[in-house]
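S.K.: Provided herewith: work.csv, CSV, C-alpha atoms and all ligand atoms.
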```csv
chain,number,residue,atom,x,y,z
A,1,ASP,CA,3.1,0.4,-26.4
A,2,ASN,CA,3.4,-1.4,-23.1
A,3,PRO,CA,0.2,-1.4,-21.0
A,4,SER,CA,0.2,0.9,-18.0
A,5,TYR,CA,-0.8,-0.2,-14.5
A,6,ILE,CA,-1.6,2.3,-11.8
A,7,LEU,CA,-2.1,1.4,-8.2
A,8,ALA,CA,-4.4,4.0,-6.6
A,9,ILE,CA,-5.2,4.6,-2.9
A,10,GLU,CA,-8.1,6.5,-1.5
A,11,THR,CA,-8.5,7.2,2.3
A,12,SER,CA,-10.0,10.7,2.4
A,13,CYS,CA,-13.0,9.9,4.5
A,14,ASP,CA,-14.4,6.6,5.8
A,15,GLU,CA,-13.5,4.1,3.1
A,16,THR,CA,-10.0,2.5,2.8
A,17,SER,CA,-9.8,1.7,-0.9
A,18,VAL,CA,-7.1,0.5,-3.2
A,19,ALA,CA,-7.5,-0.3,-6.9
A,20,VAL,CA,-5.3,-1.3,-9.9
A,21,ILE,CA,-6.2,0.2,-13.2
A,22,LYS,CA,-5.0,-0.9,-16.6
A,23,ASN,CA,-4.5,1.7,-19.3
A,24,GLY,CA,-6.7,4.2,-17.4
A,25,LYS,CA,-9.8,2.3,-18.3
A,26,GLU,CA,-9.9,-1.3,-17.1
A,27,ILE,CA,-10.5,-2.0,-13.4
A,28,LEU,CA,-8.4,-5.0,-12.5
A,29,SER,CA,-9.3,-4.6,-8.8
A,30,ASN,CA,-11.1,-2.1,-6.7
A,31,ILE,CA,-11.3,-3.1,-3.0
A,32,VAL,CA,-13.4,-0.8,-0.8
A,33,ALA,CA,-13.1,-1.5,2.9
A,34,SER,CA,-16.0,0.5,4.4
A,35,GLN,CA,-15.9,1.8,8.0
A,36,ILE,CA,-19.6,2.4,8.1
A,37,GLU,CA,-20.3,-0.2,10.7
A,38,THR,CA,-17.7,1.5,13.0
A,39,HIS,CA,-19.1,5.0,12.6
A,40,LYS,CA,-22.8,4.0,12.7
A,41,ARG,CA,-23.1,4.1,16.4
A,42,PHE,CA,-21.8,7.7,16.5
A,43,GLY,CA,-24.3,8.8,13.9
A,44,GLY,CA,-21.5,10.1,11.6
A,45,VAL,CA,-17.8,9.8,10.7
A,46,VAL,CA,-15.5,10.4,13.7
A,47,PRO,CA,-12.2,11.7,12.2
A,48,GLU,CA,-9.9,10.2,14.9
A,49,VAL,CA,-11.6,6.8,14.6
A,50,ALA,CA,-11.4,7.0,10.8
A,51,SER,CA,-7.6,7.6,10.9
A,52,ARG,CA,-7.0,4.6,13.2
A,53,LYS,CA,-9.2,2.3,11.0
A,54,HIS,CA,-7.3,3.3,7.9
A,55,VAL,CA,-4.0,2.5,9.7
A,56,GLU,CA,-5.3,-0.9,10.6
A,57,THR,CA,-6.7,-1.7,7.1
A,58,ILE,CA,-4.4,-0.1,4.5
A,59,THR,CA,-1.7,-2.8,4.3
A,60,VAL,CA,-4.1,-5.7,3.8
A,61,THR,CA,-6.2,-3.6,1.4
A,62,ILE,CA,-3.1,-3.0,-0.8
A,63,GLU,CA,-2.2,-6.7,-0.7
A,64,GLU,CA,-5.7,-7.7,-1.6
A,65,ALA,CA,-6.0,-5.2,-4.5
A,66,VAL,CA,-2.6,-6.4,-5.9
A,67,GLU,CA,-3.5,-10.0,-5.5
A,68,GLU,CA,-6.9,-9.6,-7.2
A,69,SER,CA,-5.4,-7.6,-10.1
A,70,GLY,CA,-3.3,-10.6,-11.0
A,71,ILE,CA,-0.2,-8.4,-11.7
A,72,ALA,CA,3.1,-8.2,-9.8
A,73,LEU,CA,4.2,-5.1,-8.0
A,74,THR,CA,7.1,-4.9,-10.4
A,75,ASP,CA,4.6,-4.5,-13.3
A,76,LEU,CA,3.2,-1.2,-11.8
A,77,SER,CA,3.8,2.0,-13.8
A,78,ALA,CA,2.8,4.5,-11.0
A,79,ILE,CA,1.3,5.0,-7.6
A,80,ALA,CA,-1.7,7.4,-7.2
A,81,VAL,CA,-3.2,8.7,-4.1
A,82,THR,CA,-5.9,11.2,-3.0
A,83,MET,CA,-4.1,14.2,-1.6
A,84,GLY,CA,-7.3,16.1,-0.6
A,85,PRO,CA,-9.7,17.4,0.3
A,86,GLY,CA,-10.8,15.3,3.2
A,87,LEU,CA,-10.0,14.5,6.8
A,88,VAL,CA,-6.4,15.4,7.4
A,89,GLY,CA,-5.6,12.3,9.5
A,90,ALA,CA,-7.4,10.0,7.1
A,91,LEU,CA,-5.6,11.5,4.1
A,92,LEU,CA,-2.3,11.2,5.7
A,93,VAL,CA,-2.5,7.4,6.0
A,94,GLY,CA,-3.1,7.0,2.3
A,95,VAL,CA,-0.4,9.6,1.4
A,96,VAL,CA,2.2,7.9,3.6
A,97,ALA,CA,1.4,4.5,2.2
A,98,ALA,CA,1.6,5.8,-1.4
A,99,LYS,CA,4.9,7.6,-0.8
A,100,SER,CA,6.4,4.4,0.8
A,101,LEU,CA,5.3,2.3,-2.2
A,102,ALA,CA,6.6,4.8,-4.7
A,103,LEU,CA,9.9,5.0,-3.0
A,104,ALA,CA,10.4,1.3,-2.5
A,105,LEU,CA,9.4,0.4,-6.1
A,106,ASP,CA,11.0,3.5,-7.6
A,107,LEU,CA,7.8,4.6,-9.3
A,108,PRO,CA,6.3,8.0,-10.0
A,109,LEU,CA,3.8,9.3,-7.5
A,110,ILE,CA,0.6,11.0,-8.6
A,111,GLY,CA,-1.2,13.1,-6.0
A,112,THR,CA,-4.8,13.4,-7.0
A,113,HIS,CA,-7.8,15.6,-6.1
A,114,HIS,CA,-10.7,13.7,-4.7
A,115,ILE,CA,-13.3,15.6,-6.8
A,116,ALA,CA,-11.3,15.0,-10.0
A,117,GLY,CA,-11.6,11.4,-9.0
A,118,HIS,CA,-15.4,11.5,-8.7
A,119,ILE,CA,-15.6,13.3,-12.1
A,120,TYR,CA,-13.2,10.9,-13.8
A,121,ALA,CA,-15.1,7.8,-12.5
A,122,ASN,CA,-17.1,8.5,-15.6
A,123,GLN,CA,-14.0,8.0,-17.8
A,124,LEU,CA,-13.8,4.4,-16.7
A,125,VAL,CA,-17.1,3.6,-18.4
A,126,HIS,CA,-17.8,6.5,-20.9
A,127,GLU,CA,-15.9,8.7,-23.3
A,128,MET,CA,-15.8,12.3,-21.9
A,129,GLU,CA,-16.0,15.2,-24.3
A,130,TYR,CA,-15.2,18.8,-23.7
A,131,PRO,CA,-16.3,21.3,-22.8
A,132,CYS,CA,-18.4,19.5,-20.2
A,133,LEU,CA,-20.1,20.4,-17.0
A,134,ALA,CA,-19.9,18.2,-13.9
A,135,LEU,CA,-22.5,18.1,-11.1
A,136,VAL,CA,-20.6,16.8,-8.1
A,137,VAL,CA,-22.9,15.7,-5.3
A,138,SER,CA,-21.5,13.9,-2.3
A,139,GLY,CA,-21.4,13.9,1.5
A,140,GLY,CA,-18.8,16.6,1.6
A,141,HIS,CA,-19.3,18.5,-1.8
A,142,THR,CA,-21.9,20.0,-3.9
A,143,GLU,CA,-20.4,21.7,-6.9
A,144,LEU,CA,-20.9,22.6,-10.5
A,145,VAL,CA,-17.6,22.2,-12.2
A,146,LEU,CA,-17.0,23.5,-15.8
A,147,MET,CA,-14.3,21.8,-17.7
A,148,GLU,CA,-13.1,23.5,-20.9
A,149,ARG,CA,-10.7,20.7,-21.5
A,150,GLU,CA,-9.3,17.6,-19.8
A,151,GLY,CA,-7.8,18.4,-16.4
A,152,VAL,CA,-8.9,22.0,-16.3
A,153,PHE,CA,-11.6,22.7,-13.6
A,154,GLN,CA,-13.6,25.8,-12.9
A,155,VAL,CA,-16.0,25.8,-10.0
A,156,ILE,CA,-18.9,27.9,-11.2
A,157,GLY,CA,-21.3,27.0,-8.3
A,158,ARG,CA,-21.0,25.5,-4.8
A,159,THR,CA,-23.0,25.0,-1.7
A,160,ARG,CA,-23.0,27.9,0.8
A,161,ASP,CA,-23.8,25.6,3.7
A,162,ASP,CA,-24.5,21.9,3.8
A,163,ALA,CA,-23.5,19.5,1.0
A,164,VAL,CA,-26.4,17.6,-0.5
A,165,GLY,CA,-25.3,14.3,1.0
A,166,GLU,CA,-24.9,15.9,4.4
A,167,ALA,CA,-28.5,17.3,4.2
A,168,TYR,CA,-29.7,13.8,3.2
A,169,ASP,CA,-27.9,12.3,6.2
A,170,LYS,CA,-29.3,14.9,8.6
A,171,VAL,CA,-32.9,14.5,7.3
A,172,ALA,CA,-32.5,10.8,7.5
A,173,ARG,CA,-31.4,11.0,11.1
A,174,ALA,CA,-34.5,13.1,11.9
A,175,LEU,CA,-36.5,10.4,10.3
A,176,GLN,CA,-34.8,7.9,12.6
A,177,PHE,CA,-32.6,6.1,10.0
A,178,PRO,CA,-29.0,5.1,10.7
A,179,TYR,CA,-26.0,6.7,9.2
A,180,PRO,CA,-25.5,7.1,6.2
A,181,GLY,CA,-29.2,7.8,5.6
A,182,GLY,CA,-29.2,9.0,2.0
A,183,PRO,CA,-30.1,5.7,0.5
A,184,HIS,CA,-33.0,5.3,3.1
A,185,VAL,CA,-34.5,8.7,2.2
A,186,ASP,CA,-34.2,7.8,-1.5
A,187,ARG,CA,-36.0,4.5,-1.0
A,188,LEU,CA,-38.7,6.1,1.2
A,189,ALA,CA,-39.2,8.9,-1.4
A,190,GLN,CA,-39.8,6.3,-4.1
A,191,GLU,CA,-42.5,4.6,-2.1
A,192,ALA,CA,-44.4,7.8,-1.1
A,193,GLU,CA,-47.8,8.6,-2.3
A,194,GLY,CA,-47.8,12.3,-2.3
A,195,ALA,CA,-45.3,14.8,-0.8
A,196,VAL,CA,-45.0,17.4,1.9
A,197,GLU,CA,-44.6,20.8,0.2
A,198,LEU,CA,-41.1,22.2,1.1
A,199,PRO,CA,-39.2,25.3,0.0
A,200,ARG,CA,-36.6,25.5,-2.8
A,201,ALA,CA,-33.5,27.6,-2.4
A,202,TRP,CA,-32.9,29.3,-5.8
A,203,LEU,CA,-30.7,32.1,-4.3
A,204,GLU,CA,-30.0,35.3,-6.4
A,205,PRO,CA,-31.1,35.1,-10.1
A,206,GLY,CA,-28.2,33.8,-12.2
A,207,SER,CA,-26.4,32.2,-9.2
A,208,TYR,CA,-25.2,28.7,-9.6
A,209,ASP,CA,-24.6,28.3,-5.9
A,210,PHE,CA,-26.7,26.0,-3.7
A,211,SER,CA,-28.0,26.1,-0.1
A,212,PHE,CA,-29.6,23.1,1.6
A,213,SER,CA,-29.6,24.1,5.3
A,214,GLY,CA,-32.9,26.0,5.0
A,215,LEU,CA,-34.6,23.0,3.5
A,216,LYS,CA,-33.2,20.8,6.2
A,217,SER,CA,-34.5,23.2,8.9
A,218,ALA,CA,-37.9,23.2,7.1
A,219,VAL,CA,-38.0,19.4,7.4
A,220,LEU,CA,-37.1,19.5,11.1
A,221,ASN,CA,-39.9,22.1,11.6
A,222,VAL,CA,-42.5,19.9,10.0
A,223,ILE,CA,-41.4,16.9,12.1
A,224,ASN,CA,-41.4,19.0,15.4
A,225,GLN,CA,-44.7,20.7,14.7
A,226,THR,CA,-46.6,17.4,14.0
A,227,LYS,CA,-45.0,15.9,17.1
A,228,MET,CA,-46.2,18.9,19.2
A,229,ARG,CA,-49.7,18.6,17.8
A,230,ASN,CA,-49.6,14.9,18.5
A,231,GLU,CA,-50.5,14.2,14.9
A,232,ASN,CA,-49.2,11.4,12.7
A,233,LEU,CA,-46.7,12.2,10.1
A,234,ASP,CA,-46.2,10.1,7.0
A,235,PHE,CA,-42.4,10.0,6.8
A,236,SER,CA,-42.4,8.9,3.2
A,237,LYS,CA,-44.2,12.1,2.2
A,238,VAL,CA,-41.5,14.1,4.0
A,239,ALA,CA,-38.8,12.1,2.3
A,240,ARG,CA,-40.5,12.7,-1.1
A,241,GLY,CA,-40.9,16.4,-0.5
A,242,PHE,CA,-37.3,16.8,0.6
A,243,GLN,CA,-36.0,14.8,-2.4
A,244,GLU,CA,-38.2,16.8,-4.9
A,245,SER,CA,-36.9,20.1,-3.6
A,246,VAL,CA,-33.3,18.9,-3.9
A,247,ILE,CA,-33.7,17.4,-7.3
A,248,ASP,CA,-35.6,20.5,-8.7
A,249,VAL,CA,-32.8,22.8,-7.7
A,250,LEU,CA,-29.9,20.5,-8.8
A,251,THR,CA,-31.6,19.8,-12.1
A,252,GLU,CA,-32.6,23.3,-13.0
A,253,LYS,CA,-29.2,24.9,-12.2
A,254,SER,CA,-27.3,22.2,-14.0
A,255,ILE,CA,-29.3,22.5,-17.1
A,256,ARG,CA,-29.2,26.3,-17.1
A,257,ALA,CA,-25.4,26.3,-16.7
A,258,ALA,CA,-25.0,23.6,-19.3
A,259,LYS,CA,-26.9,25.8,-21.8
A,260,GLU,CA,-25.1,29.0,-20.8
A,261,TYR,CA,-21.7,27.5,-21.3
A,262,GLY,CA,-22.7,25.4,-24.3
A,263,VAL,CA,-21.2,22.2,-23.0
A,264,LYS,CA,-21.2,18.9,-25.0
A,265,GLN,CA,-22.0,16.7,-21.9
A,266,LEU,CA,-23.4,16.9,-18.4
A,267,VAL,CA,-21.6,14.6,-16.0
A,268,LEU,CA,-23.2,13.5,-12.7
A,269,CYS,CA,-20.9,12.1,-10.0
A,270,GLY,CA,-20.3,11.7,-6.3
A,271,GLY,CA,-22.0,9.5,-3.7
A,272,VAL,CA,-25.4,11.2,-4.2
A,273,ALA,CA,-25.3,10.3,-7.9
A,274,ALA,CA,-26.5,6.9,-6.6
A,275,ASN,CA,-29.8,8.6,-5.8
A,276,ARG,CA,-32.5,7.0,-8.1
A,277,GLY,CA,-34.7,10.0,-8.1
A,278,LEU,CA,-31.9,12.3,-9.2
A,279,ARG,CA,-30.7,9.9,-11.9
A,280,GLU,CA,-34.2,9.6,-13.3
A,281,ALA,CA,-35.0,13.3,-13.2
A,282,LEU,CA,-31.7,14.4,-14.8
A,283,THR,CA,-32.0,11.6,-17.4
A,284,ALA,CA,-35.5,12.8,-18.4
A,285,ARG,CA,-34.6,16.4,-18.4
A,286,CYS,CA,-31.4,15.9,-20.5
A,287,ASP,CA,-33.3,13.8,-23.0
A,288,LYS,CA,-35.8,16.6,-23.4
A,289,GLU,CA,-33.0,19.1,-23.9
A,290,GLY,CA,-31.0,16.8,-26.2
A,291,LEU,CA,-28.0,17.0,-23.8
A,292,PRO,CA,-25.9,13.9,-23.4
A,293,LEU,CA,-25.7,12.9,-19.7
A,294,LEU,CA,-23.0,10.6,-18.2
A,295,ILE,CA,-23.6,8.8,-14.9
A,296,PRO,CA,-21.2,6.2,-13.4
A,297,PRO,CA,-22.6,2.8,-12.4
A,298,PHE,CA,-23.7,2.7,-8.7
A,299,SER,CA,-20.4,1.0,-7.7
A,300,LEU,CA,-18.3,3.9,-8.9
A,301,CYS,CA,-20.5,6.7,-7.3
A,302,SER,CA,-19.4,6.5,-3.7
A,303,ASP,CA,-15.8,6.8,-2.6
A,304,ASN,CA,-13.5,4.3,-4.3
A,305,ALA,CA,-9.9,4.1,-5.5
A,306,ALA,CA,-10.7,3.2,-9.1
A,307,MET,CA,-11.9,6.7,-9.7
A,308,ILE,CA,-8.6,8.1,-8.3
A,309,GLY,CA,-6.7,5.8,-10.6
A,310,ALA,CA,-8.8,7.0,-13.6
A,311,ALA,CA,-8.0,10.7,-12.7
A,312,ALA,CA,-4.4,9.9,-12.0
A,313,TYR,CA,-3.9,8.1,-15.3
A,314,LEU,CA,-4.8,11.3,-17.2
A,315,LYS,CA,-2.3,13.3,-15.1
A,316,TRP,CA,0.4,10.7,-15.7
A,317,LYS,CA,-0.2,10.8,-19.4
A,318,ARG,CA,0.2,14.5,-19.3
A,319,GLY,CA,3.4,14.1,-17.3
A,320,GLU,CA,2.0,15.7,-14.2
A,321,ILE,CA,4.0,13.8,-11.5
A,322,THR,CA,4.1,14.9,-7.9
A,323,THR,CA,7.2,14.8,-5.7
A,324,GLN,CA,7.8,12.9,-2.5
A,325,GLU,CA,7.1,16.2,-0.6
A,326,ILE,CA,3.3,15.9,-0.9
A,327,LYS,CA,1.1,15.9,2.2
A,328,GLY,CA,-2.6,15.4,2.9
A,329,GLU,CA,-4.3,18.7,2.2
A,330,PRO,CA,-7.7,18.8,3.9
A,331,THR,CA,-8.9,21.9,1.9
A,332,LEU,CA,-7.1,21.3,-1.4
A,333,SER,CA,-8.8,23.2,-4.2
A,334,LEU,CA,-9.5,21.8,-7.7
B,401,LIG,O1,-19.0,10.4,-2.4
B,401,LIG,P1,-19.3,9.8,-1.1
B,401,LIG,O2,-19.2,8.3,-1.0
B,401,LIG,O3,-18.4,10.4,0.1
B,401,LIG,C1,-18.0,11.7,0.1
B,401,LIG,O4,-17.0,12.0,-0.6
B,401,LIG,O5,-18.7,12.5,0.8
B,401,LIG,O6,-20.8,10.3,-0.7
B,401,LIG,C2,-21.5,9.8,0.5
B,401,LIG,C3,-22.8,10.5,0.6
B,401,LIG,C4,-23.5,10.3,1.9
B,401,LIG,O7,-23.9,11.5,2.4
B,401,LIG,C5,-24.7,9.4,1.5
B,401,LIG,O8,-25.8,9.5,2.4
B,401,LIG,C6,-25.0,9.8,0.1
B,401,LIG,O9,-23.7,10.1,-0.4
B,401,LIG,N1,-25.8,8.9,-0.6
B,401,LIG,C7,-27.0,9.1,-1.1
B,401,LIG,C8,-27.4,8.0,-1.8
B,401,LIG,N2,-26.4,7.1,-1.7
B,401,LIG,C9,-25.4,7.6,-1.0
B,401,LIG,N3,-27.8,10.2,-1.0
B,401,LIG,C10,-29.0,10.1,-1.5
B,401,LIG,N4,-29.5,9.0,-2.2
B,401,LIG,C11,-28.8,7.9,-2.3
B,401,LIG,N5,-29.2,6.9,-3.0
B,402,ZN,ZN,-16.3,11.4,-2.2
```
How would this structure read if it were set down as C-alpha cells?

M.R.:
Amino acid sequence: DNPSYILAIETSCDETSVAVIKNGKEILSNIVASQIETHKRFGGVVPEVASRKHVETITVTIEEAVEESGIALTDLSAIAVTMGPGLVGALLVGVVAAKSLALALDLPLIGTHHIAGHIYANQLVHEMEYPCLALVVSGGHTELVLMEREGVFQVIGRTRDDAVGEAYDKVARALQFPYPGGPHVDRLAQEAEGAVELPRAWLEPGSYDFSFSGLKSAVLNVINQTKMRNENLDFSKVARGFQESVIDVLTEKSIRAAKEYGVKQLVLCGGVAANRGLREALTARCDKEGLPLLIPPFSLCSDNAAMIGAAAYLKWKRGEITTQEIKGEPTLSL
C-alpha cells in the first residue's frame, strides 16, 4: 500500500496549527503558532483578535508545516480541519484554508471534531482499545466520553458550568498569574507545604457531571476574607487545595465510570492533561485498580493539528469524507 499523508489544520481557539501526518501515526511536522502573547494583556482570549491573528498566520504556518514534513503538496492524500466546536471566526479561517487547499489539489476534505482530536492525540503514541473511556479536560471542555468502538462517542458526563481549564485560569488570575494560568497553579501546588481545605462538588449520587464554579468561588472567598482581615495568605496552599479538589473529583468519577462500563482503558486528554498533579494521581489510582491509562506526551495535550490529523486519518480510513459545504460550527456535538 502507498503511504498516506494528511495535512491537518487547527484554528478553533488561540493556536494556529498545521501538521502533516504519515499513515495516521507518524508526525512529520506539527507547527503550533501560539497567540498567547497577544491575548495575555487582555487576561484571556479575545475572539475578534484571535480571528485576525489566524488570518495573518495561516498561510505561513501551512508553508512551514509542508516544508518541515519534507513531502510535496502533490504527495498529500487528504486535507483535515477542525470544524468545531470553538470560536466561530477562528474556526472559519481554518475551514476556508482547508477547503481552498482541497479544491486546488483535488483532495478529499475531512472535517474533524476538536474533542475527537484531543482523544485521538493518544492514537499517535499508543494503541487504543475499545470500549474505552476518555476524560477530556481543557480550557473549553470537561467531559467523560464513552467509546464503545472507534469513532463512536457517547458523552456520559460534562461540566454544568466552568470547564476545568477555565476554573484553573480564573483561580490563577485571582492569585495574580498571567493568562493562561493553569501551569502556574500546577507548579505552585507542587511546591506547597499543606493545603487550604476546599469543597468538592460531587453532585447527585451516580452523576458523572462536574461543576467547578462553586470551587472557584470558594477560592475567591478565601482570598477576599484574608485580605479583609489583613492576614497573610500562602498562595501555594490555596493552589494545592484547589488542585486537590479538582483532582479528587475528576479521578473518582473517571474510575467509577470506567468500572461501571467495564472499559479496557482510561484515556486522559486535553490541555489540562498536562497537569502534573492530575497525571500522577490518575496514574497511581489506575495502577491500583489494574486499569490501563493512556496519556499523551505534554506536547500533544494542548491544542495542535497533529491530533486533528490523527482523528481525521481514522475517518478517512472509514471513508467518512466531508463535502465542500462544511462551515465552522461553534457548538458542534461529538
Ligand atoms: O486544550 P487546550 O490547549 O485548549 C482548549 O481546547 O481549551 O487547553 C488549554 C487549557 C488552559 O485553560 C490552560 O490553563 C490549561 O489548559 N492548562 C493547565 C495546565 N496546562 C495547561 N491546567 C492545569 N495545569 C496545567 N499544567
Ligand atoms: Zn482544545

S.K.: Rank nothing, just name the residue among A:Ile36, A:Val55, A:Leu144, A:Ala312 nearest to ligand LIG 401 (chain B), using all atoms listed in the file.

M.R.: A:Ile36

S.K.: For Glu289 (chain A), work out the shell of residues within 10 Å, counting all atoms listed in the file and skipping chain neighbours fewer than 6 positions away, then give it as a list in words.

M.R.: Ile255, Lys259 and Thr283 of chain A

S.K.: Quick one: residues within 10 Å of (-38.6, 9.4, 3.8) (file frame), counting only C-alpha atoms, please, as a PDB file with C-alpha atoms, in the coordinates of the input.

M.R.:
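Wrote it out as out_35.pdb, contents follow:
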```pdb
ATOM      1  CA  TYR A 168     -29.700  13.800   3.200  1.00  0.00           C
ATOM      2  CA  VAL A 171     -32.900  14.500   7.300  1.00  0.00           C
ATOM      3  CA  ALA A 172     -32.500  10.800   7.500  1.00  0.00           C
ATOM      4  CA  ALA A 174     -34.500  13.100  11.900  1.00  0.00           C
ATOM      5  CA  LEU A 175     -36.500  10.400  10.300  1.00  0.00           C
ATOM      6  CA  GLN A 176     -34.800   7.900  12.600  1.00  0.00           C
ATOM      7  CA  PHE A 177     -32.600   6.100  10.000  1.00  0.00           C
ATOM      8  CA  GLY A 181     -29.200   7.800   5.600  1.00  0.00           C
ATOM      9  CA  GLY A 182     -29.200   9.000   2.000  1.00  0.00           C
ATOM     10  CA  PRO A 183     -30.100   5.700   0.500  1.00  0.00           C
ATOM     11  CA  HIS A 184     -33.000   5.300   3.100  1.00  0.00           C
ATOM     12  CA  VAL A 185     -34.500   8.700   2.200  1.00  0.00           C
ATOM     13  CA  ASP A 186     -34.200   7.800  -1.500  1.00  0.00           C
ATOM     14  CA  ARG A 187     -36.000   4.500  -1.000  1.00  0.00           C
ATOM     15  CA  LEU A 188     -38.700   6.100   1.200  1.00  0.00           C
ATOM     16  CA  ALA A 189     -39.200   8.900  -1.400  1.00  0.00           C
ATOM     17  CA  GLN A 190     -39.800   6.300  -4.100  1.00  0.00           C
ATOM     18  CA  GLU A 191     -42.500   4.600  -2.100  1.00  0.00           C
ATOM     19  CA  ALA A 192     -44.400   7.800  -1.100  1.00  0.00           C
ATOM     20  CA  ALA A 195     -45.300  14.800  -0.800  1.00  0.00           C
ATOM     21  CA  ASP A 234     -46.200  10.100   7.000  1.00  0.00           C
ATOM     22  CA  PHE A 235     -42.400  10.000   6.800  1.00  0.00           C
ATOM     23  CA  SER A 236     -42.400   8.900   3.200  1.00  0.00           C
ATOM     24  CA  LYS A 237     -44.200  12.100   2.200  1.00  0.00           C
ATOM     25  CA  VAL A 238     -41.500  14.100   4.000  1.00  0.00           C
ATOM     26  CA  ALA A 239     -38.800  12.100   2.300  1.00  0.00           C
ATOM     27  CA  ARG A 240     -40.500  12.700  -1.100  1.00  0.00           C
ATOM     28  CA  GLY A 241     -40.900  16.400  -0.500  1.00  0.00           C
ATOM     29  CA  PHE A 242     -37.300  16.800   0.600  1.00  0.00           C
ATOM     30  CA  GLN A 243     -36.000  14.800  -2.400  1.00  0.00           C
TER      31      GLN A 243
END
```

S.K.: What's the separation between CA of Val32 (chain A) and CA of Ser17 (chain A), in Å to one decimal place?

M.R.: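 Pair CA of Val32 (chain A) / CA of Ser17 (chain A) returns 4.4 Å.
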
S.K.: Using atom N2 of ligand LIG 401 (chain B) and CA of His113 (chain A) as the two end points, give the distance in Å to one decimal.

M.R.: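 Here the two named atoms are 20.9 Å from each other.
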
S.K.: When you look at His126 (chain A) with a cut-off of 10 Å (counting all atoms listed in the file), what residues show up, excluding the ones that are within fewer than 2 positions of it in the same chain? I need them as a PyMOL selection string.

M.R.: chain A and resi 25+120-124+128-129+294-296

S.K.: Of the residues A:Lys315, A:Lys264, A:Lys216, A:Arg149, which is the one nearest to Gly117 (chain A), using all atoms listed in the file?

M.R.: A:Lys315

S.K.: Would you list the residues that come within 7 Å of ligand ZN 402 (chain B)? Count all atoms listed in the file and give the answer as a count of residues only.

M.R.: 10

S.K.: Here is a test: counting all atoms listed in the file, which residue of A:Gln265, A:Ser213, A:Ser51, A:Asn232 is nearest to Val88 (chain A)?

M.R.: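 Comparing A:Gln265, A:Ser213, A:Ser51, A:Asn232 against Val88 (chain A), the winner is A:Ser51.
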
S.K.: Env of Phe153 (chain A): 12 Å cut, atoms = only C-alpha atoms, seq-sep filter 6 positions within chain, self excluded. Answer as a list in words.

M.R.: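 Residues meeting the cut-off are His113, Ile115, Ala116, Ile119, Tyr120, Tyr130, Pro131, Cys132, Leu133, Ala134, Glu143, Leu144, Val145, Leu146, Met147, Ser333 and Leu334 of chain A.
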
S.K.: Go through A:Thr82, A:Thr331, A:Ser77, A:Asn304 and flag the residue nearest ligand LIG 401 (chain B), using all atoms listed in the file for the distances.

M.R.: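 Nearest candidate to ligand LIG 401 (chain B) out of A:Thr82, A:Thr331, A:Ser77, A:Asn304: A:Asn304.
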
S.K.: Hey, which of A:Val196, A:Ala8, A:Pro292, A:Met83 ends up closest to Asn221 (chain A)? Count only C-alpha atoms.

M.R.: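 Counting only C-alpha atoms, the residue closest to Asn221 (chain A) is A:Val196.
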
S.K.: With a distance cut-off of 10 Å and only C-alpha atoms, select the neighbouring residues of region 278-281 of chain A, excluding the residue or stretch itself and same-chain residues fewer than 5 positions from it, and output the selection as a compact mmCIF listing (two decimals) with C-alpha atoms, in the coordinates of the input.

M.R.:
```txt
# COMPACT_ATOMS: atom_id res chain seq x y z
CA ASP A 186 -34.20 7.80 -1.50
CA GLN A 243 -36.00 14.80 -2.40
CA GLU A 244 -38.20 16.80 -4.90
CA VAL A 246 -33.30 18.90 -3.90
CA ILE A 247 -33.70 17.40 -7.30
CA ASP A 248 -35.60 20.50 -8.70
CA LEU A 250 -29.90 20.50 -8.80
CA THR A 251 -31.60 19.80 -12.10
CA LEU A 268 -23.20 13.50 -12.70
CA VAL A 272 -25.40 11.20 -4.20
CA ALA A 273 -25.30 10.30 -7.90
CA CYS A 286 -31.40 15.90 -20.50
CA ASP A 287 -33.30 13.80 -23.00
CA LEU A 293 -25.70 12.90 -19.70
CA LEU A 294 -23.00 10.60 -18.20
CA ILE A 295 -23.60 8.80 -14.90
```

S.K.: Fewer than 2 positions away in the same chain doesn't count, so skip those; otherwise give me all residues within 9 Å of Ile62 (chain A), counting only C-alpha atoms, as a short mmCIF file (atom, residue, chain, number, x, y, z; two decimals) with C-alpha atoms, in the coordinates of the input.

M.R.:
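Listed below is the output, result31.cif:
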```
data_model
loop_
_atom_site.label_atom_id
_atom_site.label_comp_id
_atom_site.auth_asym_id
_atom_site.auth_seq_id
_atom_site.Cartn_x
_atom_site.Cartn_y
_atom_site.Cartn_z
CA LEU A 7 -2.10 1.40 -8.20
CA ILE A 9 -5.20 4.60 -2.90
CA SER A 17 -9.80 1.70 -0.90
CA VAL A 18 -7.10 0.50 -3.20
CA ALA A 19 -7.50 -0.30 -6.90
CA ILE A 31 -11.30 -3.10 -3.00
CA THR A 57 -6.70 -1.70 7.10
CA ILE A 58 -4.40 -0.10 4.50
CA THR A 59 -1.70 -2.80 4.30
CA VAL A 60 -4.10 -5.70 3.80
CA GLU A 64 -5.70 -7.70 -1.60
CA ALA A 65 -6.00 -5.20 -4.50
CA VAL A 66 -2.60 -6.40 -5.90
CA GLU A 67 -3.50 -10.00 -5.50
#
```

S.K.: Counting all atoms listed in the file, which residue out of A:Gly165, A:Gly86, A:Gly309, A:Gly43 sits closest to Asn30 (chain A)?

M.R.: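 For Asn30 (chain A), the nearest of the candidates is A:Gly309.
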
S.K.: What residues have an atom no more than 10 Å from (4.5, 9.2, 1.3) in the file's own frame, counting all atoms listed in the file, and can you write them as a PyMOL selection string?

M.R.: chain A and resi 81+92-103+109+323-328
